[in-house]
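Dumped my_file_5.cif below, it's mmCIF, C-alpha atoms:
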data_structure
loop_
_atom_site.label_atom_id
_atom_site.label_comp_id
_atom_site.auth_asym_id
_atom_site.auth_seq_id
_atom_site.Cartn_x
_atom_site.Cartn_y
_atom_site.Cartn_z
CA MET A 1133 89.73 103.35 115.42
CA VAL A 1134 90.40 102.11 118.94
CA ARG A 1135 90.99 104.33 121.90
CA LEU A 1136 94.42 105.77 122.47
CA ALA A 1137 94.11 104.82 126.13
CA ASP A 1138 93.59 101.17 125.18
CA LEU A 1139 96.83 100.90 123.25
CA PRO A 1140 100.04 99.55 124.81
CA ASP A 1141 102.51 102.26 125.78
CA PHE A 1142 104.82 101.84 122.80
CA GLU A 1143 101.94 102.02 120.34
CA ARG A 1144 100.37 104.98 122.10
CA SER A 1145 103.67 106.86 121.94
CA HIS A 1146 103.92 106.10 118.23
CA MET A 1147 100.41 107.46 117.64
CA LEU A 1148 100.92 110.55 119.81
CA ASP A 1149 104.05 111.32 117.82
CA LYS A 1150 101.88 111.63 114.73
CA LEU A 1151 99.91 114.46 116.33
CA LYS A 1152 102.87 116.77 115.89
CA GLY A 1153 102.26 119.29 113.17
CA LEU A 1154 98.59 118.50 112.68
CA GLU A 1155 97.75 121.98 113.95
CA GLU A 1156 98.80 123.10 110.45
CA PHE A 1157 95.45 121.78 109.25
CA SER A 1158 93.69 124.92 110.40
CA ALA A 1159 91.21 125.36 107.54
CA ARG A 1160 87.63 124.46 108.38
CA PRO A 1161 85.85 124.02 105.03
CA TRP A 1162 82.09 123.61 105.11
CA VAL A 1163 79.69 122.85 102.29
CA LYS A 1164 75.99 122.10 102.68
CA PRO A 1165 75.10 119.06 100.58
CA PRO A 1166 71.71 118.20 99.07
CA PRO A 1167 69.38 116.08 101.22
CA LEU A 1168 70.79 112.58 101.66
CA ALA A 1169 68.13 111.02 99.44
CA ARG A 1170 69.45 113.14 96.57
CA CYS A 1171 73.18 112.78 97.35
CA ARG A 1172 75.56 111.11 94.95
CA ILE A 1173 78.26 109.54 97.10
CA ALA A 1174 81.78 108.29 96.41
CA ILE A 1175 84.18 106.42 98.67
CA VAL A 1176 87.75 107.61 99.14
CA SER A 1177 89.74 105.12 101.20
CA THR A 1178 93.23 105.26 102.70
CA ALA A 1179 93.49 101.48 102.95
CA GLY A 1180 95.83 101.07 100.00
CA LEU A 1181 93.15 99.34 97.93
CA HIS A 1182 93.12 98.79 94.19
CA ALA A 1183 91.78 96.52 91.53
CA ARG A 1184 93.62 93.27 90.92
CA GLY A 1185 96.30 93.85 88.31
CA ASP A 1186 96.70 97.54 89.13
CA ARG A 1187 100.10 98.75 90.18
CA PRO A 1188 100.60 98.05 93.92
CA PHE A 1189 101.35 101.00 96.17
CA GLY A 1190 105.07 101.56 96.59
CA PRO A 1191 107.03 102.52 99.70
CA SER A 1192 105.44 105.09 101.99
CA ALA A 1193 107.74 107.90 100.99
CA THR A 1194 106.63 107.78 97.38
CA ALA A 1195 103.08 106.42 97.53
CA THR A 1196 101.24 109.72 97.38
CA ASP A 1197 99.05 108.84 94.43
CA TYR A 1198 95.64 107.21 94.36
CA ARG A 1199 94.13 104.26 92.58
CA ILE A 1200 90.83 104.28 90.77
CA ILE A 1201 88.22 101.71 91.75
CA PRO A 1202 85.32 101.65 89.29
CA GLY A 1203 81.97 101.16 90.95
CA ASP A 1204 81.43 97.85 89.17
CA THR A 1205 84.69 96.32 90.41
CA PRO A 1206 83.86 92.78 91.59
CA ALA A 1207 84.73 92.01 95.20
CA ALA A 1208 87.09 89.28 93.97
CA ASP A 1209 89.14 91.96 92.20
CA LEU A 1210 89.65 94.21 95.24
CA VAL A 1211 93.08 93.80 96.82
CA MET A 1212 95.17 95.70 99.37
CA SER A 1213 98.83 96.72 99.14
CA HIS A 1214 99.05 99.14 102.06
CA GLN A 1215 102.57 99.54 103.42
CA SER A 1216 101.64 99.09 107.07
CA VAL A 1217 101.45 95.69 108.75
CA ASN A 1218 100.11 97.25 111.94
CA PHE A 1219 96.38 96.92 111.35
CA ASP A 1220 94.12 93.91 110.97
CA ARG A 1221 93.60 92.65 107.42
CA THR A 1222 91.58 89.55 108.22
CA GLY A 1223 88.40 91.64 108.26
CA PHE A 1224 88.98 92.93 104.73
CA GLN A 1225 90.00 89.47 103.60
CA GLU A 1226 86.68 88.12 104.81
CA ASP A 1227 84.50 91.02 103.66
CA HIS A 1228 85.72 94.09 101.78
CA ASN A 1229 82.76 96.10 103.09
CA VAL A 1230 84.30 96.29 106.56
CA ALA A 1231 86.84 98.73 105.07
CA PHE A 1232 85.28 99.70 101.73
CA PRO A 1233 81.47 99.58 102.08
CA LEU A 1234 80.59 99.65 98.40
CA ASP A 1235 77.92 96.95 98.63
CA ARG A 1236 76.33 98.79 101.56
CA LEU A 1237 76.23 102.05 99.57
CA ASN A 1238 74.70 100.28 96.59
CA GLU A 1239 72.02 98.87 98.90
CA LEU A 1240 71.25 102.33 100.24
CA ALA A 1241 70.92 103.67 96.70
CA ARG A 1242 68.68 100.78 95.72
CA ASP A 1243 66.45 101.53 98.71
CA GLY A 1244 66.35 105.26 97.97
CA ALA A 1245 68.14 106.22 101.18
CA ILE A 1246 70.82 107.97 99.14
CA GLY A 1247 70.51 109.47 95.67
CA ALA A 1248 73.18 107.51 93.85
CA VAL A 1249 76.57 105.86 94.10
CA ALA A 1250 79.37 107.47 92.09
CA ASP A 1251 80.77 105.74 89.02
CA PHE A 1252 84.30 105.82 90.47
CA HIS A 1253 85.81 105.45 93.91
CA TYR A 1254 89.38 105.93 94.98
CA SER A 1255 92.02 104.79 97.41
CA PHE A 1256 95.14 106.42 98.75
CA MET A 1257 97.73 104.61 100.83
CA GLY A 1258 97.41 106.25 104.20
CA ALA A 1259 101.01 105.78 105.37
CA ALA A 1260 102.24 108.24 102.74
CA PRO A 1261 103.58 111.59 103.99
CA ILE A 1262 100.31 113.41 104.66
CA ARG A 1263 101.33 116.81 103.40
CA LYS A 1264 102.65 115.40 100.13
CA ILE A 1265 99.23 114.02 99.24
CA GLU A 1266 97.71 117.48 98.77
CA ALA A 1267 98.38 117.84 95.04
CA LYS A 1268 96.80 114.48 94.26
CA ALA A 1269 93.92 115.18 96.65
CA ARG A 1270 93.14 118.41 94.82
CA GLU A 1271 93.33 116.57 91.49
CA LEU A 1272 90.93 113.99 92.86
CA ALA A 1273 88.51 116.69 94.04
CA GLY A 1274 88.30 117.86 90.44
CA LEU A 1275 87.51 114.35 89.26
CA LEU A 1276 84.82 113.96 91.89
CA LYS A 1277 83.17 117.16 90.68
CA LYS A 1278 83.19 115.82 87.12
CA ASP A 1279 81.51 112.66 88.43
CA ARG A 1280 78.83 114.94 90.01
CA VAL A 1281 79.63 113.67 93.49
CA ASP A 1282 77.84 115.55 96.30
CA ALA A 1283 79.51 113.89 99.26
CA VAL A 1284 82.58 111.76 99.86
CA LEU A 1285 82.78 108.94 102.38
CA LEU A 1286 86.36 109.20 103.61
CA CYS A 1287 87.19 105.74 104.96
CA PRO A 1288 90.26 105.33 107.14
CA VAL A 1289 91.75 101.98 108.00
CA MET B 589 92.58 108.01 116.41
CA ARG B 590 90.02 110.42 117.75
CA GLU B 591 92.75 112.82 118.83
CA HIS B 592 94.10 113.11 115.29
CA THR B 593 90.64 113.68 113.88
CA ALA B 594 89.98 116.42 116.42
CA ALA B 595 93.29 118.07 115.54
CA MET B 596 92.66 118.04 111.79
CA GLY B 597 89.02 119.13 112.01
CA PRO B 598 87.42 117.55 108.93
CA PRO B 599 83.88 118.82 108.25
CA ARG B 600 82.13 115.74 109.62
CA ALA B 601 83.66 112.74 111.38
CA LEU B 602 82.42 109.69 113.20
CA TRP B 603 84.82 108.14 115.70
CA VAL B 604 84.32 104.38 115.89
CA PRO B 605 85.52 101.99 118.61
CA PHE B 606 86.65 99.21 116.27
CA ILE B 607 90.11 97.70 115.82
CA LEU B 608 92.32 99.25 113.19
CA GLY B 609 91.54 97.70 109.82
CA ARG B 610 87.79 97.46 110.46
CA PRO B 611 86.31 100.96 110.27
CA PHE B 612 82.84 99.54 109.60
CA GLY B 613 83.01 97.14 112.46
CA VAL B 614 82.17 93.54 111.69
CA PRO B 615 82.99 91.62 108.50
CA GLY B 616 80.10 89.64 107.13
CA ASP B 617 77.52 91.56 109.19
CA ALA B 618 75.68 93.83 106.75
CA ALA B 619 73.21 95.04 109.38
CA PHE B 620 76.03 96.17 111.67
CA GLN B 621 77.85 97.89 108.81
CA HIS B 622 74.62 99.61 107.78
CA ARG B 623 74.18 101.03 111.27
CA VAL B 624 77.68 102.52 111.16
CA LEU B 625 77.18 103.83 107.64
CA ARG B 626 73.84 105.44 108.51
CA ALA B 627 75.41 107.12 111.53
CA VAL B 628 78.14 108.74 109.44
CA LEU B 629 75.82 109.72 106.57
CA GLN B 630 73.45 111.38 109.03
CA LEU B 631 76.25 113.82 109.80
CA LEU B 632 75.62 115.38 106.38
CA ALA B 633 72.54 116.99 107.87
CA ALA B 634 74.51 118.79 110.59
CA PRO B 635 73.81 122.54 110.43
CA ALA B 636 77.41 123.58 111.09
CA GLY B 637 80.80 122.09 111.66
CA PRO B 638 83.30 120.70 112.18
CA VAL B 639 81.38 117.82 113.69
CA LEU B 640 82.96 114.91 115.58
CA VAL B 641 80.55 112.34 116.94
CA ASP B 642 81.38 109.16 118.86
CA TYR B 643 79.74 105.97 117.67
CA ALA B 644 78.64 104.00 120.72
CA GLU B 645 77.97 100.47 119.52
CA GLU B 646 80.96 98.19 120.00
CA ALA B 647 81.73 95.24 117.79
CA PRO B 648 80.69 91.99 119.45
CA ALA B 649 83.39 90.55 121.68
CA PRO B 650 84.90 87.35 120.30
CA ARG B 651 83.57 84.16 121.84
CA ALA B 652 85.89 82.33 124.24
CA GLU B 653 86.74 79.63 121.70
CA GLU B 654 87.78 82.29 119.18
CA THR B 655 90.46 83.67 121.49
CA GLU B 656 91.77 80.49 123.05
CA GLY B 657 94.39 80.06 120.39
CA MET B 658 94.08 78.22 117.21
CA ALA B 659 93.61 74.47 117.30
CA CYS B 660 95.37 74.26 114.02
CA PRO B 661 94.55 70.94 112.44
CA VAL B 662 97.70 71.21 110.40
CA SER B 663 100.61 70.18 112.61
CA PHE B 664 103.61 72.35 111.93
CA ASP B 665 106.92 71.02 113.18
CA ARG B 666 108.51 73.91 115.06
CA LYS B 667 111.84 72.17 115.50
CA THR B 668 113.23 73.49 112.26
CA ASP B 669 116.81 74.36 111.61
CA ALA B 670 117.42 77.70 110.02
CA GLY B 671 118.70 75.92 106.96
CA ASP B 672 115.44 74.01 106.64
CA LEU B 673 113.28 77.10 107.00
CA GLY B 674 112.65 77.33 103.26
CA ALA B 675 111.67 73.66 103.14
CA ALA B 676 109.40 74.11 106.16
CA LEU B 677 107.76 77.10 104.48
CA ALA B 678 107.11 75.08 101.35
CA ARG B 679 105.61 72.23 103.40
CA GLU B 680 103.32 74.58 105.31
CA ILE B 681 102.03 76.12 102.13
CA GLU B 682 101.20 72.68 100.78
CA GLU B 683 99.51 71.66 104.03
CA LEU B 684 97.45 74.84 104.18
CA ALA B 685 96.29 74.56 100.57
CA PRO B 686 93.00 72.72 101.30
CA TRP B 687 92.09 75.34 103.90
CA HIS B 688 92.91 78.17 101.57
CA ASP B 689 90.89 76.53 98.82
CA LEU B 690 87.98 76.26 101.24
CA ALA B 691 88.30 79.91 102.28
CA ALA B 692 88.39 81.08 98.65
CA LYS B 693 85.36 78.95 97.81
CA ARG B 694 83.32 80.18 100.79
CA ARG B 695 84.17 83.83 100.16
CA SER B 696 84.24 83.64 96.37
CA ARG B 697 87.48 85.58 96.50
CA THR B 698 91.03 85.72 97.73
CA THR B 699 93.16 88.80 98.31
CA THR B 700 96.33 87.00 97.25
CA GLY B 701 97.76 87.69 93.80
CA LEU B 702 99.59 91.00 94.19
CA SER B 703 102.82 89.42 92.98
CA GLY B 704 101.30 87.25 90.26
CA MET B 705 103.13 84.27 91.76
CA THR B 706 101.79 80.97 92.95
CA MET B 707 102.37 80.43 96.65
CA GLU B 708 105.04 77.87 95.81
CA GLU B 709 106.86 80.47 93.71
CA ALA B 710 106.42 83.02 96.49
CA ALA B 711 107.99 80.61 98.97
CA GLN B 712 110.94 80.08 96.62
CA PHE B 713 111.33 83.85 96.27
CA VAL B 714 111.46 84.30 100.03
CA THR B 715 113.79 81.30 100.42
CA SER B 716 116.20 82.83 97.90
CA TYR B 717 116.66 85.75 100.29
CA LEU B 718 117.03 83.42 103.28
CA ASN B 719 119.77 81.59 101.37
CA SER B 720 121.51 84.87 100.46
CA VAL B 721 120.97 84.32 96.74
CA PRO B 722 118.08 86.71 96.12
CA ALA B 723 115.90 86.09 93.10
CA SER B 724 115.51 88.66 90.38
CA ASN B 725 113.12 91.48 91.07
CA LEU B 726 109.65 91.68 89.62
CA ASN B 727 108.61 93.89 86.73
CA GLY B 728 111.20 96.58 87.33
CA MET B 729 110.36 96.96 91.00
CA SER B 730 113.01 97.57 93.59
CA ALA B 731 114.06 94.59 95.69
CA GLY B 732 112.10 95.94 98.65
CA GLU B 733 108.92 96.50 96.63
CA ALA B 734 109.09 93.03 95.09
CA LEU B 735 109.78 91.26 98.38
CA LYS B 736 107.04 93.27 100.07
CA ILE B 737 104.25 92.18 97.74
CA VAL B 738 105.47 88.56 97.78
CA CYS B 739 105.31 88.63 101.57
CA ASP B 740 101.89 90.31 101.41
CA ASP B 741 100.65 87.43 99.27
CA LEU B 742 102.07 84.80 101.62
CA ARG B 743 100.62 86.47 104.68
CA ALA B 744 97.19 86.81 103.02
CA TYR B 745 97.33 83.12 102.06
CA TYR B 746 98.08 82.09 105.62
CA TYR B 747 95.49 84.39 107.17
CA GLU B 748 92.77 83.32 104.74
CA ALA B 749 93.56 79.65 105.29
CA ALA B 750 93.53 80.15 109.06
CA ALA B 751 90.12 81.80 108.95
CA ALA B 752 88.61 78.74 107.24
CA GLN B 753 89.69 76.40 110.02
CA PRO B 754 87.44 75.22 112.84
CA GLY B 755 86.97 77.56 115.78
CA ASN B 756 86.50 80.80 113.82
CA PRO B 757 89.69 82.39 115.24
CA ASP B 758 89.58 86.13 115.82
CA ALA B 759 92.09 88.62 114.44
CA GLN B 760 94.37 88.44 117.48
CA ALA B 761 94.44 84.63 117.47
CA VAL B 762 95.41 84.55 113.79
CA LEU B 763 98.13 87.14 114.36
CA TYR B 764 99.57 85.17 117.27
CA TRP B 765 99.46 81.87 115.35
CA PHE B 766 101.24 83.30 112.30
CA TRP B 767 104.11 84.90 114.22
CA HIS B 768 104.57 82.19 116.88
CA ASP B 769 103.55 78.91 115.34
CA THR B 770 104.48 79.00 111.65
CA ALA B 771 107.64 78.70 109.62
CA ALA B 772 106.36 81.65 107.60
CA GLY B 773 106.46 83.85 110.69
CA ARG B 774 109.99 82.65 111.47
CA ALA B 775 110.98 83.22 107.84
CA PHE B 776 109.66 86.78 107.92
CA LEU B 777 111.56 87.50 111.15
CA ALA B 778 114.72 86.17 109.51
CA LEU B 779 113.96 88.27 106.43
CA GLN B 780 113.65 91.36 108.58
CA LYS B 781 117.20 90.89 109.90
CA ILE B 782 118.48 90.34 106.36
CA CYS B 783 116.68 93.46 105.07
CA LEU B 784 117.86 95.70 107.90
CA ALA B 785 121.46 94.58 107.33
CA SER B 786 121.24 95.01 103.57
CA GLY B 787 123.03 97.71 101.64
CA ASP B 788 119.90 98.08 99.49
CA GLN B 789 117.86 100.98 100.83
CA SER B 790 114.59 99.57 99.55
CA LEU B 791 115.19 96.43 101.62
CA GLN B 792 116.11 98.51 104.65
CA VAL B 793 112.80 100.40 104.33
CA LEU B 794 110.92 97.14 104.01
CA GLY B 795 112.64 95.64 107.03
CA GLY B 796 111.99 98.71 109.12
CA ASN B 797 108.39 99.38 108.18
CA SER B 798 106.48 96.71 106.33
CA LEU B 799 107.49 93.20 107.34
CA VAL B 800 106.90 92.70 111.05
CA PRO B 801 104.17 94.45 113.09
CA ARG B 802 105.35 96.77 115.85
CA ALA B 803 103.50 94.64 118.40
CA ILE B 804 105.54 91.59 117.43
CA VAL B 805 108.83 93.49 117.41
CA HIS B 806 108.02 94.92 120.83
CA ALA B 807 107.05 91.55 122.27
CA ARG B 808 110.29 90.00 121.07
CA GLU B 809 112.41 92.81 122.51
CA HIS B 810 110.79 92.76 125.98
#
Have the structure of the file written as structure tokens, please.
Amino acid sequence: MVRLADLPDFERSHMLDKLKGLEEFSARPWVKPPPLARCRIAIVSTAGLHARGDRPFGPSATATDYRIIPGDTPAADLVMSHQSVNFDRTGFQEDHNVAFPLDRLNELARDGAIGAVADFHYSFMGAAPIRKIEAKARELAGLLKKDRVDAVLLCPV
Amino acid sequence: MREHTAAMGPPRALWVPFILGRPFGVPGDAAFQHRVLRAVLQLLAAPAGPVLVDYAEEAPAPRAEETEGMACPVSFDRKTDAGDLGAALAREIEELAPWHDLAAKRRSRTTTGLSGMTMEEAAQFVTSYLNSVPASNLNGMSAGEALKIVCDDLRAYYYEAAAAQPGNPDAQAVLYWFWHDTAAGRAFLALQKICLASGDQSLQVLGGNSLVPRAIVHAREH
């Protein structure tokens, strides 16, 4: 996520501008999950990911929905249509796990370090207006409960 | 950014020192990714929150040869008239094809394909805008949406081909090469001007937000 201090001035100003209004997120939810070895875990990304053939994410102002990524989606079918061109994509192009660590989670489940990997994972497009995502986020929370997910790995990009 | 995470106060968060786009650090390094993943999953055992922990291990610094600029074995002629930009783009795509094929074979995947076009068709689509005779939109998308995913495909093609070349260029080297040494970069900069001047709002949004990185715009303005 880099350090703000390491960014050039123009980029730092852009990022600091995004702090405005975040104080509205005043809730501090807290849930105690089962022990990690019994946790069923899903990934929710903001990298604008989806399966090949799915509808690409549209312009930022409208892209408040999510895409479903089944747990058995082959790496070759994972693509990115995020609206921003201001982050590195070569890492994801080389290895999807650097942004969407599904293989790593599957390995942890195989080794018994976590209980299970969820059947479905999801991606939002993180440049969407943050407050307009709430309705879809709440809808997604319901789906995660139905998939018996104990913990969500929220992956930024 | 750490500051944004602190302001929003999610239950458990791990700040990582990696470049944007690589939250799990190093592509192709499962052991490194596992260390990051274990660090964030361990936060589930925290007794109370919100918790914000800093991950200390940095990604390895690129080796000197990875940052020295790309010794691109494909020689792109930079002396290209604006009118020949479409032709130069088509030539580059053809010349990069063996490298892209190699990248796709090594990785068993490519991230191109959003538009459903071949790269040759994508180049023609972009060229139609450069020549002020824009092609029809795709599948009911707005002009901006269609042009955006075509450009995404072209950029992915170039980046994937670049990564297969000798020298193992790092992210910054690839970025510099694309925007300074390729007809595609010049085409995209020309497209940005066209989009920003367009009466089509979807193209204006594309030109303003999703064609040229802020770092490139800033470098060109200063």
Residue IDs satisfying the PyMOL selection byres ((chain A and resi 1227) around 12), as a PDB file with C-alpha atoms, keeping the file's coordinate frame:
ATOM      1  CA  ALA A1207      84.730  92.010  95.200  1.00  0.00           C
ATOM      2  CA  ALA A1208      87.090  89.280  93.970  1.00  0.00           C
ATOM      3  CA  LEU A1210      89.650  94.210  95.240  1.00  0.00           C
ATOM      4  CA  VAL A1211      93.080  93.800  96.820  1.00  0.00           C
ATOM      5  CA  ARG A1221      93.600  92.650 107.420  1.00  0.00           C
ATOM      6  CA  THR A1222      91.580  89.550 108.220  1.00  0.00           C
ATOM      7  CA  GLY A1223      88.400  91.640 108.260  1.00  0.00           C
ATOM      8  CA  PHE A1224      88.980  92.930 104.730  1.00  0.00           C
ATOM      9  CA  GLN A1225      90.000  89.470 103.600  1.00  0.00           C
ATOM     10  CA  GLU A1226      86.680  88.120 104.810  1.00  0.00           C
ATOM     11  CA  HIS A1228      85.720  94.090 101.780  1.00  0.00           C
ATOM     12  CA  ASN A1229      82.760  96.100 103.090  1.00  0.00           C
ATOM     13  CA  VAL A1230      84.300  96.290 106.560  1.00  0.00           C
ATOM     14  CA  ALA A1231      86.840  98.730 105.070  1.00  0.00           C
ATOM     15  CA  PHE A1232      85.280  99.700 101.730  1.00  0.00           C
ATOM     16  CA  PRO A1233      81.470  99.580 102.080  1.00  0.00           C
ATOM     17  CA  LEU A1234      80.590  99.650  98.400  1.00  0.00           C
ATOM     18  CA  ASP A1235      77.920  96.950  98.630  1.00  0.00           C
ATOM     19  CA  ARG A1236      76.330  98.790 101.560  1.00  0.00           C
TER      20      ARG A1236
ATOM     21  CA  GLY B 609      91.540  97.700 109.820  1.00  0.00           C
ATOM     22  CA  ARG B 610      87.790  97.460 110.460  1.00  0.00           C
ATOM     23  CA  PHE B 612      82.840  99.540 109.600  1.00  0.00           C
ATOM     24  CA  GLY B 613      83.010  97.140 112.460  1.00  0.00           C
ATOM     25  CA  VAL B 614      82.170  93.540 111.690  1.00  0.00           C
ATOM     26  CA  PRO B 615      82.990  91.620 108.500  1.00  0.00           C
ATOM     27  CA  GLY B 616      80.100  89.640 107.130  1.00  0.00           C
ATOM     28  CA  ASP B 617      77.520  91.560 109.190  1.00  0.00           C
ATOM     29  CA  ALA B 618      75.680  93.830 106.750  1.00  0.00           C
ATOM     30  CA  GLN B 621      77.850  97.890 108.810  1.00  0.00           C
ATOM     31  CA  ALA B 691      88.300  79.910 102.280  1.00  0.00           C
ATOM     32  CA  ALA B 692      88.390  81.080  98.650  1.00  0.00           C
ATOM     33  CA  ARG B 694      83.320  80.180 100.790  1.00  0.00           C
ATOM     34  CA  ARG B 695      84.170  83.830 100.160  1.00  0.00           C
ATOM     35  CA  SER B 696      84.240  83.640  96.370  1.00  0.00           C
ATOM     36  CA  ARG B 697      87.480  85.580  96.500  1.00  0.00           C
ATOM     37  CA  THR B 698      91.030  85.720  97.730  1.00  0.00           C
ATOM     38  CA  THR B 699      93.160  88.800  98.310  1.00  0.00           C
ATOM     39  CA  GLU B 748      92.770  83.320 104.740  1.00  0.00           C
TER      40      GLU B 748
END
> Exactly which residues make up the result of the PyMOL selection byres ((chain B and resi 735) around 10) on this file, given as a list in words?
Replying inline: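 With the shown file as input, the PyMOL selection byres ((chain B and resi 735) around 10) matches Ser703, Ala710, Phe713, Val714, Tyr717, Pro722, Ala723, Asn725, Leu726, Met729, Ser730, Ala731, Gly732, Glu733, Ala734, Lys736, Ile737, Val738, Cys739, Asp740, Asp741, Leu779, Cys783, Ser790, Leu791, Leu794 and Leu799 of chain B.
For the atom pair formed by CA of Ala1283 (chain A) and CA of Pro1166 (chain A), the distance is 8.9 Å, given to one decimal.
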> Interatomic distance between CA of Gly795 (chain B) and CA of Ala775 (chain B)?
Replying inline: 12.6 Å
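As for CA of Asn797 (chain B) and CA of Gly728 (chain B), they are spaced 21.2 Å apart.
Protein, DNA and RNA residues at most 7 Å from (111.1, 104.1, 102.8), with all atoms listed in the file, are these: Pro1191, Ser1192 and Ala1193 of chain A; Ser790 and Val793 of chain B.
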> In terms of the shortest atom-to-atom distance over only C-alpha atoms, which of A:Gly1258, A:Asp1251, A:Phe1219, A:Asp1141 is closest to chain B?
Replying inline: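 With only C-alpha atoms as the atom set, the closest residue is A:Phe1219.
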> With all atoms listed in the file as the atoms that count, which of B:Asp769, B:Leu718, B:Glu682, B:Arg802 lies nearest to chain A?
Replying inline: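 Checking each of B:Asp769, B:Leu718, B:Glu682, B:Arg802 against chain A, counting all atoms listed in the file, the winner is B:Arg802.
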> Which residue out of A:Ala1137, A:Asp1220, A:Leu1148, A:Glu1271 has the minimum interatomic distance to chain B when all atoms listed in the file are used?
Replying inline: A:Asp1220
>> So that I can check the surroundings of Val1284 (chain A), please list as a PyMOL selection string every protein, DNA and RNA residue that reaches within 6 Å of it, counting all atoms listed in the file and ignoring chain neighbours fewer than 6 positions away.
In response: chain A and resi 1173-1175
Translate the PyMOL selection byres ((chain A and resi 1256) around 7) into a concrete residue list for this structure, as a short mmCIF file (atom, residue, chain, number, x, y, z; two decimals) with C-alpha atoms, keeping the file's coordinate frame.
data_model
loop_
_atom_site.label_atom_id
_atom_site.label_comp_id
_atom_site.auth_asym_id
_atom_site.auth_seq_id
_atom_site.Cartn_x
_atom_site.Cartn_y
_atom_site.Cartn_z
CA SER A 1177 89.74 105.12 101.20
CA THR A 1178 93.23 105.26 102.70
CA ALA A 1179 93.49 101.48 102.95
CA GLY A 1180 95.83 101.07 100.00
CA ASP A 1197 99.05 108.84 94.43
CA TYR A 1198 95.64 107.21 94.36
CA ARG A 1199 94.13 104.26 92.58
CA TYR A 1254 89.38 105.93 94.98
CA SER A 1255 92.02 104.79 97.41
CA MET A 1257 97.73 104.61 100.83
CA GLY A 1258 97.41 106.25 104.20
#
> Smallest atom-to-atom distance to chain B: which of A:Ala1273, A:Ile1265, A:Val1249, A:Val1134, using all atoms listed in the file?
Replying inline: A:Val1134
